[in-house]
file my_file-v3.txt (compact mmCIF, C-alpha atoms and all ligand atoms)
# COMPACT_ATOMS: atom_id res chain seq x y z
CA MET A 6 -20.78 21.66 -9.58
CA ILE A 7 -20.75 19.40 -6.50
CA LYS A 8 -19.27 15.95 -7.19
CA HIS A 9 -20.15 12.79 -5.27
CA ILE A 10 -16.91 10.89 -4.70
CA GLY A 11 -16.83 7.24 -3.62
CA VAL A 12 -14.03 6.01 -1.37
CA ILE A 13 -13.69 2.23 -1.03
CA ILE A 14 -12.72 1.46 2.56
CA GLU A 15 -10.26 -1.41 2.86
CA GLN A 16 -10.31 -3.59 5.93
CA ASP A 17 -8.21 -6.48 7.14
CA ASN A 18 -9.98 -9.01 9.35
CA GLY A 19 -12.57 -6.40 10.30
CA ILE A 20 -10.02 -3.70 11.11
CA MET A 21 -9.92 -0.56 8.96
CA LYS A 22 -6.45 -0.05 7.49
CA ALA A 23 -4.87 3.23 8.59
CA ALA A 24 -3.99 4.08 4.97
CA ASN A 25 -7.70 4.72 4.27
CA LEU A 26 -7.52 7.98 6.23
CA GLY A 27 -4.83 9.52 3.99
CA MET A 28 -6.83 8.44 0.95
CA ILE A 29 -10.00 10.10 2.31
CA THR A 30 -7.99 13.27 2.99
CA MET A 31 -6.83 13.26 -0.65
CA ALA A 32 -10.40 12.80 -1.93
CA ARG A 33 -11.68 15.67 0.22
CA GLN A 34 -11.46 18.57 -2.22
CA LYS A 35 -13.42 21.69 -3.15
CA HIS A 36 -16.97 20.93 -4.28
CA THR A 37 -16.91 17.27 -3.24
CA ILE A 38 -19.18 15.20 -1.02
CA LEU A 39 -17.60 11.97 0.16
CA PHE A 40 -19.31 8.58 0.24
CA ALA A 41 -17.47 5.72 1.98
CA LEU A 42 -18.18 2.29 0.50
CA VAL A 43 -17.90 -0.40 3.19
CA MET A 44 -18.25 -4.06 2.23
CA ASP A 45 -17.26 -5.90 5.39
CA GLY A 46 -20.33 -5.32 7.51
CA SER A 47 -18.85 -2.92 10.03
CA ALA A 48 -20.21 0.45 8.96
CA GLY A 49 -21.59 1.14 12.44
CA ALA A 50 -18.21 0.57 14.06
CA LEU A 51 -16.49 2.85 11.55
CA LYS A 52 -19.04 5.66 11.65
CA GLU A 53 -17.29 7.84 14.22
CA LYS A 54 -13.85 7.54 12.64
CA LEU A 55 -15.08 8.09 9.08
CA SER A 56 -17.17 11.09 10.19
CA SER A 57 -14.10 12.69 11.75
CA PHE A 58 -12.28 12.55 8.40
CA GLY A 59 -15.03 14.23 6.38
CA ILE A 60 -17.22 11.34 5.17
CA SER A 61 -20.83 12.49 4.70
CA THR A 62 -22.46 9.14 3.89
CA ILE A 63 -21.45 5.54 4.51
CA ILE A 64 -22.84 3.07 2.00
CA GLU A 65 -22.85 -0.33 3.66
CA ILE A 66 -22.82 -2.83 0.81
CA ARG A 67 -24.30 -6.17 1.82
CA LEU A 68 -22.93 -9.17 -0.08
CA ALA A 69 -23.97 -12.82 0.07
CA GLU A 70 -21.82 -14.64 2.63
CA ASP A 71 -20.28 -16.99 0.04
CA PHE A 72 -19.03 -14.04 -2.01
CA GLN A 73 -17.68 -11.75 0.73
CA ASP A 74 -14.08 -12.23 -0.44
CA ASN A 75 -14.80 -12.53 -4.15
CA PRO A 76 -13.27 -9.58 -6.06
CA ASP A 77 -15.53 -10.20 -9.07
CA VAL A 78 -18.67 -9.87 -6.93
CA ARG A 79 -17.23 -6.96 -4.93
CA ALA A 80 -16.46 -5.13 -8.18
CA LYS A 81 -19.99 -5.66 -9.50
CA ALA A 82 -21.46 -4.43 -6.19
CA VAL A 83 -19.35 -1.25 -6.20
CA ALA A 84 -20.27 -0.58 -9.84
CA LYS A 85 -23.96 -0.88 -8.92
CA ALA A 86 -23.49 1.52 -5.98
CA VAL A 87 -21.73 4.00 -8.30
CA GLU A 88 -24.80 3.99 -10.52
CA LYS A 89 -27.32 4.20 -7.68
CA PHE A 90 -25.60 7.04 -5.82
CA GLU A 91 -24.44 8.83 -8.98
CA LEU A 92 -20.81 8.85 -7.93
CA SER A 93 -18.57 10.73 -10.34
CA ALA A 94 -15.20 9.24 -9.29
CA LEU A 95 -13.90 6.38 -7.16
CA PHE A 96 -10.90 6.14 -4.86
CA GLY A 97 -9.41 2.87 -3.60
CA LEU A 98 -6.05 1.85 -2.16
CA SER A 99 -3.28 0.66 -4.50
CA THR A 100 -2.65 -2.37 -2.28
CA ALA A 101 -2.69 -6.07 -3.23
CA MET A 102 -6.45 -6.06 -2.57
CA GLY A 103 -6.94 -2.84 -4.53
CA LYS A 104 -4.91 -4.11 -7.47
CA ASP A 105 -7.30 -7.06 -7.66
CA LEU A 106 -10.47 -5.01 -7.25
CA LEU A 107 -10.05 -1.59 -8.90
CA PRO A 108 -9.23 -2.72 -12.48
CA ARG A 109 -12.33 -4.96 -12.38
CA ILE A 110 -14.50 -2.01 -11.33
CA ALA A 111 -13.03 0.24 -14.02
CA ALA A 112 -13.68 -2.45 -16.64
CA ILE A 113 -17.36 -2.80 -15.61
CA LEU A 114 -17.84 0.98 -15.56
CA ASP A 115 -15.85 1.44 -18.76
CA GLY A 116 -14.00 4.14 -16.81
CA SER A 117 -10.38 5.27 -16.83
CA LEU A 118 -8.06 3.72 -14.26
CA VAL A 119 -4.87 5.20 -12.80
CA MET A 120 -3.05 3.14 -10.16
CA ASP A 121 -0.40 4.15 -7.66
CA CYS A 122 -1.50 7.81 -7.52
CA PHE A 123 0.26 10.12 -5.09
CA ASP A 124 -2.04 13.02 -5.96
CA VAL A 125 -5.43 13.56 -7.61
CA ASP A 126 -6.92 16.85 -8.82
CA LEU A 127 -10.65 16.16 -9.05
CA GLU A 128 -11.53 19.51 -10.56
CA ASN A 129 -9.50 18.73 -13.69
CA ASN A 130 -9.47 14.92 -13.37
CA ILE A 131 -5.68 14.77 -13.32
CA ALA A 132 -3.80 12.08 -11.39
CA GLY A 133 -0.14 12.24 -10.33
CA THR A 134 1.66 8.92 -10.55
CA SER A 135 5.10 7.58 -11.46
CA ARG A 136 6.19 5.84 -14.64
CA TYR A 137 9.21 3.87 -15.90
CA SER A 138 10.01 2.33 -12.51
CA GLY A 139 9.77 5.68 -10.76
CA LYS A 140 12.22 7.45 -13.09
CA THR A 141 9.59 9.98 -14.16
CA LEU A 142 6.56 11.53 -12.54
CA ALA A 143 3.50 11.67 -14.75
CA LYS A 144 0.35 13.77 -14.63
CA ILE A 145 -2.40 11.84 -16.33
CA LYS A 146 -5.60 13.50 -17.46
CA VAL A 147 -8.47 11.07 -17.44
CA ARG A 148 -11.57 11.30 -19.59
CA GLY A 149 -14.85 9.46 -19.74
CA PRO A 150 -17.30 8.49 -17.05
CA VAL A 151 -16.33 7.63 -13.47
CA PRO A 152 -12.53 7.56 -13.28
CA VAL A 153 -11.06 5.09 -10.79
CA PHE A 154 -7.98 6.17 -8.84
CA GLY A 155 -5.77 3.66 -6.97
CA ILE A 156 -4.06 5.65 -4.22
CA ARG A 157 -0.56 4.81 -3.02
CA PRO A 158 -0.80 4.05 0.73
CA ASN A 159 0.82 6.75 2.92
CA ALA A 160 0.98 9.19 -0.02
CA ARG A 161 -0.97 11.78 2.00
CA GLU A 162 -0.84 12.59 5.71
CA PRO A 163 -4.36 12.13 7.19
CA VAL A 164 -6.04 15.39 8.28
CA GLN A 165 -9.31 15.43 10.22
CA GLU A 166 -12.49 17.31 9.28
CA GLN A 167 -15.62 16.69 11.32
CA LYS A 168 -18.82 15.61 9.56
CA SER A 169 -21.73 13.54 10.78
CA ALA A 170 -22.00 10.54 8.50
CA GLY A 171 -25.30 8.76 7.90
CA ILE A 172 -25.38 5.05 7.01
CA ILE A 173 -27.30 3.73 4.01
CA GLN A 174 -27.74 -0.01 3.46
CA PHE A 175 -27.16 -1.18 -0.09
CA GLU A 176 -28.28 -4.73 -0.87
CA ALA A 177 -26.08 -6.67 -3.27
CA VAL A 178 -26.79 -10.16 -1.92
CA SER A 179 -28.19 -11.38 -5.22
CA LEU A 180 -24.85 -10.92 -7.02
CA ASP A 181 -22.70 -13.93 -7.74
CA SER A 182 -19.79 -14.87 -9.96
CA LYS A 183 -19.47 -17.40 -12.72
CA LEU A 184 -15.90 -16.29 -13.33
CA LEU A 185 -14.21 -16.77 -10.01
CA ARG A 186 -14.43 -18.75 -6.76
CA VAL A 187 -12.21 -18.00 -3.79
CA VAL A 188 -10.99 -21.39 -2.62
CA LYS A 189 -8.65 -20.43 0.18
CA ARG A 190 -7.21 -17.36 1.86
CA GLY A 191 -3.77 -17.37 3.48
CA GLU A 192 -1.02 -15.12 4.72
CA THR A 193 2.21 -14.90 2.74
CA GLY A 194 4.54 -12.48 4.53
CA LYS A 195 6.45 -14.75 6.95
CA ASP A 196 6.06 -13.56 10.57
CA SER A 197 5.37 -9.90 9.84
CA LYS A 198 1.89 -8.88 10.89
CA ILE A 199 2.20 -5.45 9.26
CA SER A 200 1.55 -4.99 5.58
CA LEU A 201 4.56 -3.80 3.61
CA THR A 202 2.67 -1.22 1.58
CA GLU A 203 1.02 0.35 4.62
CA ALA A 204 3.83 0.23 7.18
CA GLU A 205 5.17 3.47 8.60
CA ILE A 206 8.56 1.83 9.18
CA ILE A 207 10.16 -0.86 7.01
CA ILE A 208 13.37 -2.69 7.76
CA SER A 209 14.64 -4.53 4.67
CA GLY A 210 17.44 -7.01 4.10
CA GLY A 211 19.50 -7.85 1.04
CA ARG A 212 22.37 -10.12 0.05
CA GLY A 213 24.32 -8.77 3.03
CA MET A 214 22.01 -10.75 5.38
CA LYS A 215 23.81 -13.87 4.02
CA ASN A 216 20.93 -16.36 4.56
CA GLY A 217 17.24 -16.76 5.40
CA GLU A 218 17.92 -17.55 9.07
CA ASN A 219 19.52 -14.15 9.58
CA PHE A 220 16.28 -12.47 8.49
CA ASN A 221 15.01 -13.44 11.96
CA LEU A 222 17.26 -10.63 13.24
CA LEU A 223 15.18 -8.23 11.14
CA PHE A 224 11.87 -9.74 12.32
CA GLU A 225 12.93 -9.36 15.96
CA CYS A 226 13.98 -5.76 15.42
CA ALA A 227 10.80 -5.04 13.41
CA GLN A 228 8.66 -6.25 16.29
CA LYS A 229 10.22 -3.65 18.59
CA LEU A 230 9.86 -0.92 15.96
CA ASN A 231 6.32 -1.85 14.95
CA ALA A 232 7.75 -2.20 11.46
CA ALA A 233 7.25 -4.47 8.44
CA VAL A 234 10.11 -6.50 6.99
CA GLY A 235 11.03 -6.17 3.31
CA SER A 236 13.83 -7.46 1.13
CA SER A 237 15.78 -6.99 -2.09
CA ARG A 238 15.21 -9.31 -5.02
CA VAL A 239 18.44 -11.20 -4.30
CA ALA A 240 17.00 -12.37 -0.96
CA VAL A 241 13.85 -13.58 -2.74
CA ASP A 242 15.69 -15.23 -5.64
CA SER A 243 17.95 -17.01 -3.13
CA GLY A 244 14.85 -18.49 -1.47
CA TRP A 245 15.53 -16.75 1.86
CA VAL A 246 12.18 -14.93 2.01
CA PRO A 247 8.88 -15.04 0.06
CA TYR A 248 8.25 -12.83 -2.97
CA ALA A 249 5.58 -10.90 -1.01
CA MET A 250 8.47 -9.22 0.83
CA GLN A 251 10.29 -7.93 -2.25
CA VAL A 252 10.59 -4.17 -2.64
CA GLY A 253 11.45 -2.69 -6.01
CA GLN A 254 10.67 -2.44 -9.68
CA THR A 255 9.29 -5.96 -9.83
CA GLY A 256 8.16 -6.04 -6.19
CA GLU A 257 6.13 -3.78 -3.91
CA LYS A 258 6.24 0.03 -4.17
CA VAL A 259 6.39 1.40 -0.64
CA SER A 260 6.26 4.86 0.95
CA PRO A 261 7.00 4.42 4.66
CA LYS A 262 8.07 7.28 6.90
CA VAL A 263 11.34 5.43 7.59
CA TYR A 264 13.05 2.80 5.38
CA ILE A 265 16.03 0.94 6.86
CA ALA A 266 18.10 -0.91 4.23
CA CYS A 267 20.38 -3.59 5.69
CA GLY A 268 23.01 -5.15 3.44
CA ILE A 269 21.36 -3.70 0.33
CA SER A 270 23.56 -2.00 -2.27
CA GLY A 271 20.87 0.34 -3.67
CA SER A 272 20.33 -0.78 -7.25
CA ILE A 273 18.11 1.32 -9.55
CA GLN A 274 15.57 -1.48 -9.44
CA HIS A 275 15.47 -1.48 -5.64
CA PHE A 276 15.18 2.32 -5.51
CA ALA A 277 12.24 2.12 -7.91
CA GLY A 278 10.24 0.59 -5.06
CA MET A 279 11.27 2.72 -2.07
CA LYS A 280 12.49 6.10 -3.25
CA THR A 281 9.34 7.88 -2.05
CA SER A 282 10.17 6.87 1.55
CA GLY A 283 10.32 9.77 4.01
CA MET A 284 13.72 8.94 5.51
CA VAL A 285 16.18 6.32 4.30
CA ILE A 286 18.73 4.78 6.67
CA ALA A 287 21.37 2.41 5.28
CA ILE A 288 23.50 -0.16 7.10
CA ASN A 289 26.28 -1.40 4.85
CA LEU A 290 29.90 -2.52 5.11
CA ASP A 291 30.80 -0.67 1.91
CA GLU A 292 30.82 3.11 2.17
CA THR A 293 30.89 3.39 -1.64
CA ALA A 294 27.64 1.43 -2.15
CA ALA A 295 25.04 3.48 -4.07
CA ILE A 296 22.61 3.43 -1.16
CA MET A 297 25.13 5.27 1.05
CA SER A 298 25.06 8.39 -1.14
CA ASN A 299 21.29 8.20 -1.60
CA CYS A 300 20.14 8.03 2.00
CA ASP A 301 19.58 10.41 4.90
CA TYR A 302 21.73 8.52 7.43
CA TYR A 303 24.05 5.58 7.12
CA ALA A 304 26.08 3.30 9.34
CA LYS A 305 29.21 1.71 7.89
CA ALA A 306 28.77 -1.49 9.84
CA ASP A 307 28.09 -5.21 9.75
CA ALA A 308 24.30 -5.53 9.70
CA LEU A 309 24.48 -8.95 11.36
CA LYS A 310 26.16 -7.39 14.39
CA ILE A 311 24.47 -3.99 14.57
CA ILE A 312 20.82 -5.12 14.18
CA PRO A 313 20.82 -7.31 17.35
CA GLU A 314 22.42 -4.38 19.20
CA ILE A 315 19.64 -2.05 18.03
CA THR A 316 17.00 -4.62 19.08
CA LYS A 317 18.63 -4.86 22.52
CA LEU A 318 18.62 -1.08 22.88
CA LEU A 319 14.95 -0.92 21.87
CA GLU A 320 14.15 -3.57 24.48
CA THR A 321 15.61 -1.48 27.27
CA SER A 322 14.35 1.91 26.12
C1 LIG B 401 14.39 -6.38 -14.65
C2 LIG B 401 14.93 -6.38 -13.26
C3 LIG B 401 14.09 -6.17 -12.20
C4 LIG B 401 14.59 -6.15 -10.91
N1 LIG B 401 13.73 -5.91 -9.86
C5 LIG B 401 14.23 -5.78 -8.61
C6 LIG B 401 13.39 -5.46 -7.52
O1 LIG B 401 12.17 -5.33 -7.64
N2 LIG B 401 13.96 -5.32 -6.29
C7 LIG B 401 15.31 -5.46 -6.08
O2 LIG B 401 15.77 -5.31 -4.93
N3 LIG B 401 16.11 -5.80 -7.10
C8 LIG B 401 15.61 -5.97 -8.36
N4 LIG B 401 16.44 -6.34 -9.37
C9 LIG B 401 17.82 -6.78 -9.02
C10 LIG B 401 18.78 -5.62 -8.86
O3 LIG B 401 19.37 -5.28 -10.09
C11 LIG B 401 19.92 -6.00 -7.88
O4 LIG B 401 20.55 -7.15 -8.33
C12 LIG B 401 19.45 -6.22 -6.45
O5 LIG B 401 18.64 -5.16 -6.01
C13 LIG B 401 20.66 -6.32 -5.53
O6 LIG B 401 20.26 -6.76 -4.28
P1 LIG B 401 21.15 -6.48 -2.99
O7 LIG B 401 21.31 -5.02 -2.82
O8 LIG B 401 20.55 -7.25 -1.88
O9 LIG B 401 22.52 -7.22 -3.35
P2 LIG B 401 23.93 -6.63 -3.74
O10 LIG B 401 23.82 -5.65 -4.85
O11 LIG B 401 24.82 -7.81 -3.94
O12 LIG B 401 24.35 -5.82 -2.44
C14 LIG B 401 24.65 -6.41 -1.21
C15 LIG B 401 25.17 -5.33 -0.29
O13 LIG B 401 25.33 -5.84 1.00
C16 LIG B 401 26.50 -5.28 1.58
N5 LIG B 401 26.91 -6.21 2.64
C17 LIG B 401 27.45 -7.46 2.53
N6 LIG B 401 27.60 -8.01 3.75
C18 LIG B 401 27.12 -7.10 4.64
C19 LIG B 401 26.99 -7.09 6.06
N7 LIG B 401 27.34 -8.15 6.81
N8 LIG B 401 26.49 -5.99 6.66
C20 LIG B 401 26.12 -4.88 5.92
N9 LIG B 401 26.24 -4.84 4.58
C21 LIG B 401 26.70 -5.95 3.95
C22 LIG B 401 27.46 -5.16 0.43
O14 LIG B 401 28.44 -4.18 0.71
C23 LIG B 401 26.53 -4.75 -0.71
O15 LIG B 401 26.44 -3.35 -0.82
C24 LIG B 401 15.97 -6.36 -10.66
C25 LIG B 401 16.81 -6.58 -11.76
C26 LIG B 401 16.31 -6.61 -13.03
C27 LIG B 401 17.26 -6.82 -14.17
call {"tool": "encode", "arguments": {"input": "my_file-v3.txt", "output": "structure tokens"}}
result
Amino acid sequence: MIKHIGVIIEQDNGIMKAANLGMITMARQKHTILFALVMDGSAGALKEKLSSFGISTIIEIRLAEDFQDNPDVRAKAVAKAVEKFELSALFGLSTAMGKDLLPRIAAILDGSLVMDCFDVDLENNIAGTSRYSGKTLAKIKVRGPVPVFGIRPNAREPVQEQKSAGIIQFEAVSLDSKLLRVVKRGETGKDSKISLTEAEIIISGGRGMKNGENFNLLFECAQKLNAAVGSSRVAVDSGWVPYAMQVGQTGEKVSPKVYIACGISGSIQHFAGMKTSGMVIAINLDETAAIMSNCDYYAKADALKIIPEITKLLETS
């Protein structure tokens, strides 16, 4: 039987996040027709791109201006679209935005929710995810109507498949929220313009960076690498960087292509957040640190000296 699958497209200031394309690729399975749900008024601009990744229909959900950013209203609107277009499963990104939105949708639909999925088998409704801080991999079979899957950004390499998507307008302007008002929106992650969970390269600092000022060395290097900057919990607890930058069990779970750990020892709790990275490079003074035997490449070096050198090299290359 053909299934209609909804994919919630996440945008940031009107720009579609690259991680959507891997998520669409994951949703594109045997006997599926893909519907992209776009809530930020730019369906026309996204049509070509979404068509080239196998989207058949774009549902442009129109919300009242006052509620554009309101996750309660967005969740209600998606739930209404699920009903109207008879969608049998929903995909969204397991990002900060997705963690706010997807559980609300699942609650309205009374559907099962699995977050942080690295794989989904739609034929059997089984999601692959990790449990116990990444110590085990779980396959979770979901039952009931309209399962909602939160997909780990970068979990799947995007692969193109040409379709010709049509756009359908879906009016949800009458929806409002008695539960929640968005008062203010602001950025948290210091100078980094790239989101930690979606970055292809992350350069992270730990206690070995010695103070908050030295994190500027990482920001300068990150700019040259087009990377995001992360940190260990010690750097957050010491007040050097904001919590939004923490990677690990109690921070962000990331899957970049390259993770560069500077002055980080490699605790179990830190690994819980970055062990699905493609390549791990460690810079540490101590060759016996756990990270050194759990990485692809390491430099036994002073991070405070070697990072400016790398930045200089990147400037001239
Ligand atoms: C319940 C719980 C949850 C936790 N959650 C998290 C989490 O989400 N994320 C997380 O990161 N931690 C978490 N922790 C903390 C974790 O146990 C470690 O304490 C923490 O990860 C250590 O951070 P670190 O590697 O920066 O510091 P350290 O372990 O102190 O390591 C510092 C490293 O820097 C090296 N170094 C020092 N100077 C330099 C230099 N100049 N150049 C290069 N290397 C240098 C040292 O050799 C050392 O290896 C959690 C702990 C608990 C109990």
call {"tool": "residues_near_ligand", "arguments": {"input": "my_file-v3.txt", "ligand": "ligand LIG 401 (chain B)", "cutoff": "8 Å", "atoms": "all atoms listed in the file", "output": "ChimeraX atom specification"}}
result
/A:210-215,236-240,251-257,267-278,288-292,294-296,305-310
call {"tool": "residues_around", "arguments": {"input": "my_file-v3.txt", "residues": "Glu91 in chain A", "least_positions_apart": "5", "cutoff": "12 Å", "atoms": "all atoms listed in the file", "output": "PDB file with C-alpha atoms, in the frame of the given file"}}
result
ATOM      1  CA  ILE A   7     -20.750  19.400  -6.500  1.00  0.00           C
ATOM      2  CA  LYS A   8     -19.270  15.950  -7.190  1.00  0.00           C
ATOM      3  CA  HIS A   9     -20.150  12.790  -5.270  1.00  0.00           C
ATOM      4  CA  ILE A  10     -16.910  10.890  -4.700  1.00  0.00           C
ATOM      5  CA  GLY A  11     -16.830   7.240  -3.620  1.00  0.00           C
ATOM      6  CA  ILE A  38     -19.180  15.200  -1.020  1.00  0.00           C
ATOM      7  CA  LEU A  39     -17.600  11.970   0.160  1.00  0.00           C
ATOM      8  CA  PHE A  40     -19.310   8.580   0.240  1.00  0.00           C
ATOM      9  CA  VAL A  83     -19.350  -1.250  -6.200  1.00  0.00           C
ATOM     10  CA  ALA A  84     -20.270  -0.580  -9.840  1.00  0.00           C
ATOM     11  CA  LYS A  85     -23.960  -0.880  -8.920  1.00  0.00           C
ATOM     12  CA  ALA A  86     -23.490   1.520  -5.980  1.00  0.00           C
ATOM     13  CA  PRO A 150     -17.300   8.490 -17.050  1.00  0.00           C
ATOM     14  CA  VAL A 151     -16.330   7.630 -13.470  1.00  0.00           C
TER      15      VAL A 151
END
call {"tool": "closest_atom_pairs", "arguments": {"input": "my_file-v3.txt", "of": "range 138-180 of chain A", "to": "range 97-111 of chain A", "cutoff": "9 Å", "atoms": "only C-alpha atoms", "output": "tab-separated table"}}
result
residue	atom	partner	partner_atom	distance
A:Val151	CA	A:Ala111	CA	8.1
A:Pro152	CA	A:Ala111	CA	7.4
A:Val153	CA	A:Ala111	CA	6.2
A:Phe154	CA	A:Gly97	CA	6.4
A:Gly155	CA	A:Ser99	CA	4.6
A:Ile156	CA	A:Leu98	CA	4.8
A:Arg157	CA	A:Ser99	CA	5.2
A:Pro158	CA	A:Leu98	CA	6.4
call {"tool": "closest_residue", "arguments": {"input": "my_file-v3.txt", "among": "A:Ser47, A:Gln228, A:Thr37, A:Asn159", "to": "Ala23 in chain A", "atoms": "only C-alpha atoms"}}
result
A:Asn159
call {"tool": "closest_residue", "arguments": {"input": "my_file-v3.txt", "among": "A:Leu68, A:Ala160, A:Ala82, A:Glu166", "to": "Glu53 in chain A", "atoms": "all atoms listed in the file"}}
result
A:Glu166
call {"tool": "residues_around", "arguments": {"input": "my_file-v3.txt", "residues": "Thr30 in chain A", "least_positions_apart": "3", "cutoff": "7 Å", "atoms": "all atoms listed in the file", "output": "CSV table (one decimal) with C-alpha atoms, keeping the file's coordinate frame"}}
result
chain,number,residue,atom,x,y,z
A,26,LEU,CA,-7.5,8.0,6.2
A,27,GLY,CA,-4.8,9.5,4.0
A,33,ARG,CA,-11.7,15.7,0.2
A,58,PHE,CA,-12.3,12.6,8.4
A,163,PRO,CA,-4.4,12.1,7.2
A,164,VAL,CA,-6.0,15.4,8.3
call {"tool": "residues_around", "arguments": {"input": "my_file-v3.txt", "residues": "Ile63 in chain A", "least_positions_apart": "5", "cutoff": "7 Å", "atoms": "all atoms listed in the file", "output": "list of chain:residue names"}}
result
A:Phe40, A:Ala41, A:Leu42, A:Ala48, A:Ala170, A:Gly171, A:Ile172, A:Ile173
call {"tool": "closest_residue", "arguments": {"input": "my_file-v3.txt", "among": "A:Val285, A:Leu127, A:Ala112, A:Ile66", "to": "Gln34 in chain A", "atoms": "all atoms listed in the file"}}
result
A:Leu127
call {"tool": "closest_residue", "arguments": {"input": "my_file-v3.txt", "among": "A:Ile312, A:Thr281, A:Val246, A:Lys54", "to": "Leu142 in chain A", "atoms": "all atoms listed in the file"}}
result
A:Thr281
call {"tool": "atom_distance", "arguments": {"input": "my_file-v3.txt", "atom1": "CA of Lys89 in chain A", "atom2": "CA of Ile60 in chain A"}}
result
17.8 Å
call {"tool": "closest_residue", "arguments": {"input": "my_file-v3.txt", "among": "A:Glu203, A:Phe123, A:Lys35, A:Val78", "to": "Met21 in chain A", "atoms": "all atoms listed in the file"}}
result
A:Glu203
call {"tool": "axis_aligned_box", "arguments": {"input": "my_file-v3.txt", "around": "range 12-19 of chain A", "padding_each_side": "5 Å", "output": "JSON"}}
result
{"center_x": -11.1, "center_y": -1.5, "center_z": 4.5, "size_x": 15.8, "size_y": 25.0, "size_z": 21.7}
call {"tool": "atom_distance", "arguments": {"input": "my_file-v3.txt", "atom1": "CA of Leu55 in chain A", "atom2": "CA of Asp181 in chain A"}}
result
28.7 Å
call {"tool": "closest_residue", "arguments": {"input": "my_file-v3.txt", "among": "A:Ser93, A:Ser135, A:Asn299, A:Ser57", "to": "Arg148 in chain A", "atoms": "all atoms listed in the file"}}
result
A:Ser93
call {"tool": "atom_distance", "arguments": {"input": "my_file-v3.txt", "atom1": "CA of Ala249 in chain A", "atom2": "CA of Arg136 in chain A"}}
result
21.6 Å
call {"tool": "residues_around", "arguments": {"input": "my_file-v3.txt", "residues": "Ile315 in chain A", "least_positions_apart": "2", "cutoff": "12 Å", "atoms": "all atoms listed in the file", "output": "PyMOL selection string"}}
result
chain A and resi 222-223+225-230+288+308-313+317-322
call {"tool": "decode", "arguments": {"input": "my_file-v3.txt", "residues": "range 124-136 of chain A", "atoms": "N, CA and C atoms", "output": "mmCIF file, in the first residue's frame"}}
result
data_model
loop_
_atom_site.group_PDB
_atom_site.id
_atom_site.type_symbol
_atom_site.label_atom_id
_atom_site.label_comp_id
_atom_site.auth_asym_id
_atom_site.auth_seq_id
_atom_site.Cartn_x
_atom_site.Cartn_y
_atom_site.Cartn_z
ATOM 1 N N ASP A 124 17.845 6.078 11.635
ATOM 2 C CA ASP A 124 17.310 5.220 10.587
ATOM 3 C C ASP A 124 15.817 5.001 10.852
ATOM 4 N N VAL A 125 15.038 4.895 9.775
ATOM 5 C CA VAL A 125 13.612 4.579 9.943
ATOM 6 C C VAL A 125 13.206 3.602 8.849
ATOM 7 N N ASP A 126 12.554 2.515 9.238
ATOM 8 C CA ASP A 126 12.036 1.540 8.274
ATOM 9 C C ASP A 126 10.518 1.715 8.263
ATOM 10 N N LEU A 127 10.022 2.371 7.208
ATOM 11 C CA LEU A 127 8.596 2.734 7.188
ATOM 12 C C LEU A 127 7.688 1.545 6.909
ATOM 13 N N GLU A 128 8.263 0.522 6.272
ATOM 14 C CA GLU A 128 7.421 -0.637 5.966
ATOM 15 C C GLU A 128 6.991 -1.335 7.264
ATOM 16 N N ASN A 129 7.940 -1.398 8.216
ATOM 17 C CA ASN A 129 7.645 -2.086 9.481
ATOM 18 C C ASN A 129 7.465 -1.127 10.661
ATOM 19 N N ASN A 130 7.548 0.184 10.369
ATOM 20 C CA ASN A 130 7.468 1.210 11.422
ATOM 21 C C ASN A 130 8.470 0.961 12.548
ATOM 22 N N ILE A 131 9.725 0.793 12.154
ATOM 23 C CA ILE A 131 10.792 0.588 13.139
ATOM 24 C C ILE A 131 11.802 1.727 13.003
ATOM 25 N N ALA A 132 12.134 2.340 14.139
ATOM 26 C CA ALA A 132 13.101 3.446 14.132
ATOM 27 C C ALA A 132 14.380 3.017 14.833
ATOM 28 N N GLY A 133 15.522 3.383 14.269
ATOM 29 C CA GLY A 133 16.818 3.142 14.918
ATOM 30 C C GLY A 133 17.223 4.396 15.663
ATOM 31 N N THR A 134 17.554 4.238 16.931
ATOM 32 C CA THR A 134 17.980 5.385 17.735
ATOM 33 C C THR A 134 18.956 4.880 18.800
ATOM 34 N N SER A 135 19.525 5.778 19.577
ATOM 35 C CA SER A 135 20.434 5.303 20.635
ATOM 36 C C SER A 135 19.791 5.510 21.997
ATOM 37 N N ARG A 136 20.244 4.733 22.956
ATOM 38 C CA ARG A 136 19.712 4.803 24.318
ATOM 39 C C ARG A 136 20.866 4.805 25.313
#
